[in-house]
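Data block for data.pdb (PDB, C-alpha atoms):
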ATOM      1  CA  MET F  25       7.254  -3.285 -14.603  1.00  0.00           C
ATOM      2  CA  SER F  26      10.819  -2.224 -13.971  1.00  0.00           C
ATOM      3  CA  ILE F  27      10.953   0.837 -16.215  1.00  0.00           C
ATOM      4  CA  ILE F  28       8.795   3.777 -15.137  1.00  0.00           C
ATOM      5  CA  VAL F  29       7.902   6.362 -17.780  1.00  0.00           C
ATOM      6  CA  ASN F  30       7.649   9.879 -16.343  1.00  0.00           C
ATOM      7  CA  LEU F  31       6.724  11.519 -19.635  1.00  0.00           C
ATOM      8  CA  ASP F  32       3.488  12.963 -18.255  1.00  0.00           C
ATOM      9  CA  VAL F  33       5.421  14.561 -15.370  1.00  0.00           C
ATOM     10  CA  MET F  34       7.899  16.215 -17.749  1.00  0.00           C
ATOM     11  CA  MET F  35       5.081  17.376 -20.018  1.00  0.00           C
ATOM     12  CA  ALA F  36       3.331  18.992 -17.055  1.00  0.00           C
ATOM     13  CA  LYS F  37       6.557  20.661 -15.872  1.00  0.00           C
ATOM     14  CA  ARG F  38       7.133  22.098 -19.348  1.00  0.00           C
ATOM     15  CA  LYS F  39       3.437  22.873 -19.904  1.00  0.00           C
ATOM     16  CA  LYS F  40       3.353  20.866 -23.138  1.00  0.00           C
ATOM     17  CA  ARG F  41       0.121  19.394 -24.431  1.00  0.00           C
ATOM     18  CA  ALA F  42       0.220  15.897 -25.902  1.00  0.00           C
ATOM     19  CA  GLY F  43      -0.917  16.941 -29.371  1.00  0.00           C
ATOM     20  CA  ASP F  44       1.595  19.773 -29.544  1.00  0.00           C
ATOM     21  CA  LEU F  45       4.450  17.547 -28.378  1.00  0.00           C
ATOM     22  CA  ALA F  46       3.522  14.770 -30.811  1.00  0.00           C
ATOM     23  CA  ASN F  47       3.553  17.239 -33.712  1.00  0.00           C
ATOM     24  CA  GLU F  48       6.819  18.788 -32.549  1.00  0.00           C
ATOM     25  CA  ILE F  49       8.684  15.478 -32.442  1.00  0.00           C
ATOM     26  CA  GLY F  50       6.992  13.915 -35.466  1.00  0.00           C
ATOM     27  CA  ILE F  51       5.018  11.011 -34.011  1.00  0.00           C
ATOM     28  CA  THR F  52       1.301  10.342 -33.862  1.00  0.00           C
ATOM     29  CA  GLY F  53      -0.770  11.274 -30.848  1.00  0.00           C
ATOM     30  CA  ALA F  54      -1.603   7.590 -30.444  1.00  0.00           C
ATOM     31  CA  ASN F  55       2.071   6.624 -30.258  1.00  0.00           C
ATOM     32  CA  LEU F  56       2.778   9.396 -27.765  1.00  0.00           C
ATOM     33  CA  SER F  57      -0.129   8.132 -25.660  1.00  0.00           C
ATOM     34  CA  ILE F  58       1.324   4.603 -25.728  1.00  0.00           C
ATOM     35  CA  LEU F  59       4.649   5.971 -24.477  1.00  0.00           C
ATOM     36  CA  LYS F  60       3.041   8.223 -21.884  1.00  0.00           C
ATOM     37  CA  ASN F  61       0.919   5.427 -20.425  1.00  0.00           C
ATOM     38  CA  SER F  62       3.831   2.942 -20.165  1.00  0.00           C
ATOM     39  CA  LYS F  63       2.286   0.620 -22.769  1.00  0.00           C
ATOM     40  CA  ALA F  64       5.303   0.732 -25.125  1.00  0.00           C
ATOM     41  CA  LYS F  65       7.592  -2.291 -25.341  1.00  0.00           C
ATOM     42  CA  ALA F  66      10.449  -0.215 -26.807  1.00  0.00           C
ATOM     43  CA  ILE F  67      11.435   3.323 -27.729  1.00  0.00           C
ATOM     44  CA  ARG F  68      13.726   4.415 -30.542  1.00  0.00           C
ATOM     45  CA  PHE F  69      16.730   6.463 -29.538  1.00  0.00           C
ATOM     46  CA  SER F  70      15.704   9.030 -32.156  1.00  0.00           C
ATOM     47  CA  THR F  71      12.305   9.399 -30.459  1.00  0.00           C
ATOM     48  CA  LEU F  72      13.908   9.644 -27.023  1.00  0.00           C
ATOM     49  CA  GLU F  73      16.325  12.254 -28.367  1.00  0.00           C
ATOM     50  CA  ALA F  74      13.457  14.268 -29.872  1.00  0.00           C
ATOM     51  CA  LEU F  75      11.518  14.087 -26.583  1.00  0.00           C
ATOM     52  CA  CYS F  76      14.550  15.282 -24.619  1.00  0.00           C
ATOM     53  CA  LYS F  77      15.125  18.147 -27.044  1.00  0.00           C
ATOM     54  CA  ALA F  78      11.473  19.235 -27.021  1.00  0.00           C
ATOM     55  CA  LEU F  79      11.158  18.953 -23.232  1.00  0.00           C
ATOM     56  CA  GLU F  80      14.657  20.301 -22.528  1.00  0.00           C
ATOM     57  CA  CYS F  81      15.532  17.371 -20.290  1.00  0.00           C
ATOM     58  CA  GLN F  82      17.726  14.297 -19.980  1.00  0.00           C
ATOM     59  CA  PRO F  83      16.640  10.693 -20.726  1.00  0.00           C
ATOM     60  CA  GLY F  84      16.736   9.974 -16.980  1.00  0.00           C
ATOM     61  CA  ASP F  85      14.068  12.632 -16.453  1.00  0.00           C
ATOM     62  CA  ILE F  86      11.713  10.588 -18.654  1.00  0.00           C
ATOM     63  CA  LEU F  87      12.742   6.999 -17.888  1.00  0.00           C
ATOM     64  CA  GLU F  88      13.380   5.548 -14.444  1.00  0.00           C
ATOM     65  CA  TYR F  89      14.422   2.061 -13.360  1.00  0.00           C
ATOM     66  CA  GLN F  90      12.646   0.608 -10.347  1.00  0.00           C
ATOM     67  CA  GLU F  91      13.364  -2.895  -9.117  1.00  0.00           C
ATOM     68  CA  ASP F  92      10.307  -5.163  -9.029  1.00  0.00           C
ATOM     69  CA  GLU F  93       9.113  -6.099  -5.567  1.00  0.00           C
ATOM     70  CA  GLU F  94       8.632  -9.806  -5.081  1.00  0.00           C
ATOM     71  CA  ASP F  95       5.299 -11.036  -3.718  1.00  0.00           C
ATOM     72  CA  GLY F  96       5.254 -11.807  -0.031  1.00  0.00           C
ATOM     73  CA  LYS F  97       8.442  -9.928   0.860  1.00  0.00           C
TER      74      LYS F  97
END

Represent the supplied structure as structure tokens.
Amino acid sequence: MSIIVNLDVMMAKRKKRAGDLANEIGITGANLSILKNSKAKAIRFSTLEALCKALECQPGDILEYQEDEEDGK
């Protein structure tokens, strides 16, 4: 996968528990878990904005692009 989700890292840095963060930004714990574990296919800008506000960070602190390595190279 090319997009790496560092949500768990930011949560640890800010000492935020998943349930507390989910309540703070208005999503379910299950949806936060999907985001945190890189299982999401998309994220709404409003959710990303709420995460950045709650974690006092920038989108680039949460999402990272990493080029896929090709097999055998």

- Given all atoms listed in the file as the counted atoms, nearest of F:Ala54, F:Leu45, F:Ser26, F:Lys37 to Leu75 of chain F: F:Leu45

- Specify as a ChimeraX atom specification each residue included when the PyMOL selection byres ((chain F and resi 69-73) around 9) is applied to this file. /F:49-51,67-68,74-78,82-83,86

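The coordinates place atom CA of Gly43 of chain F at 23.9 Å from atom CA of Ile27 of chain F.
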
- Hey, which of F:Cys81, F:Ala42, F:Ala36, F:Val29 ends up closest to Lys65 of chain F? Count only C-alpha atoms. F:Val29

- Query: What is the distance between atom CA of Asn61 of chain F and atom CA of Gln90 of chain F, in Å to one decimal?
  - Reply: 16.2 Å

- Message: Please report the interatomic distance between atom CA of Lys60 of chain F and atom CA of Leu31 of chain F in Å with one decimal.
- Response: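 Taking atom CA of Lys60 of chain F as the start and atom CA of Leu31 of chain F as the end point, the length is 5.4 Å.
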
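Closest approach to Arg38 of chain F among F:Lys63, F:Tyr89, F:Ile58, F:Glu80 is made by F:Glu80 (distances from all atoms listed in the file).
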
- Item | Which residue of F:Leu79, F:Asp92, F:Gly84, F:Leu59 approaches Asp44 of chain F most closely, using only C-alpha atoms |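 Of F:Leu79, F:Asp92, F:Gly84, F:Leu59, the one nearest Asp44 of chain F is F:Leu79, counting only C-alpha atoms.
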
Given 4 Å on each side, where is the centre and what are the edge lengths in Å to one decimal of the axis-aligned box enclosing the listed atoms of segment 30-33 of chain F, as AutoDock Vina command-line options?
--center_x 5.6 --center_y 12.2 --center_z -17.5 --size_x 12.2 --size_y 12.7 --size_z 12.3

- Message: My list of candidates is F:Ser62, F:Asn55, F:Asn47, F:Asp85. Which is closest to Met35 of chain F when distances are computed with all atoms listed in the file?
- Response: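 Among the listed residues, the smallest separation from Met35 of chain F belongs to F:Asp85.
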
Would you save segment 42-56 of chain F from the block above with N, CA and C atoms, as a compact mmCIF listing (two decimals), in the first residue's frame?
# COMPACT_ATOMS: atom_id res chain seq x y z
N ALA F 42 -8.21 5.67 21.98
CA ALA F 42 -9.06 5.54 20.79
C ALA F 42 -10.50 5.95 21.08
N GLY F 43 -11.06 5.46 22.16
CA GLY F 43 -12.45 5.79 22.48
C GLY F 43 -12.65 7.27 22.72
N ASP F 44 -11.70 7.90 23.41
CA ASP F 44 -11.80 9.33 23.68
C ASP F 44 -11.69 10.13 22.38
N LEU F 45 -10.76 9.75 21.52
CA LEU F 45 -10.59 10.46 20.25
C LEU F 45 -11.81 10.29 19.36
N ALA F 46 -12.34 9.08 19.29
CA ALA F 46 -13.54 8.83 18.48
C ALA F 46 -14.69 9.72 18.94
N ASN F 47 -14.91 9.79 20.25
CA ASN F 47 -15.98 10.65 20.77
C ASN F 47 -15.72 12.11 20.47
N GLU F 48 -14.47 12.53 20.61
CA GLU F 48 -14.11 13.93 20.40
C GLU F 48 -14.36 14.38 18.96
N ILE F 49 -14.09 13.51 18.00
CA ILE F 49 -14.25 13.91 16.60
C ILE F 49 -15.58 13.46 16.00
N GLY F 50 -16.36 12.70 16.74
CA GLY F 50 -17.70 12.34 16.29
C GLY F 50 -17.78 11.18 15.33
N ILE F 51 -16.90 10.19 15.47
CA ILE F 51 -17.03 8.97 14.68
C ILE F 51 -17.09 7.78 15.64
N THR F 52 -17.46 6.63 15.11
CA THR F 52 -17.54 5.45 15.96
C THR F 52 -16.15 4.90 16.23
N GLY F 53 -16.02 4.17 17.30
CA GLY F 53 -14.76 3.50 17.61
C GLY F 53 -14.36 2.54 16.51
N ALA F 54 -15.35 1.88 15.91
CA ALA F 54 -15.07 0.94 14.82
C ALA F 54 -14.48 1.66 13.62
N ASN F 55 -15.03 2.82 13.28
CA ASN F 55 -14.49 3.57 12.14
C ASN F 55 -13.10 4.12 12.43
N LEU F 56 -12.86 4.54 13.65
CA LEU F 56 -11.52 4.99 14.02
C LEU F 56 -10.53 3.83 13.91
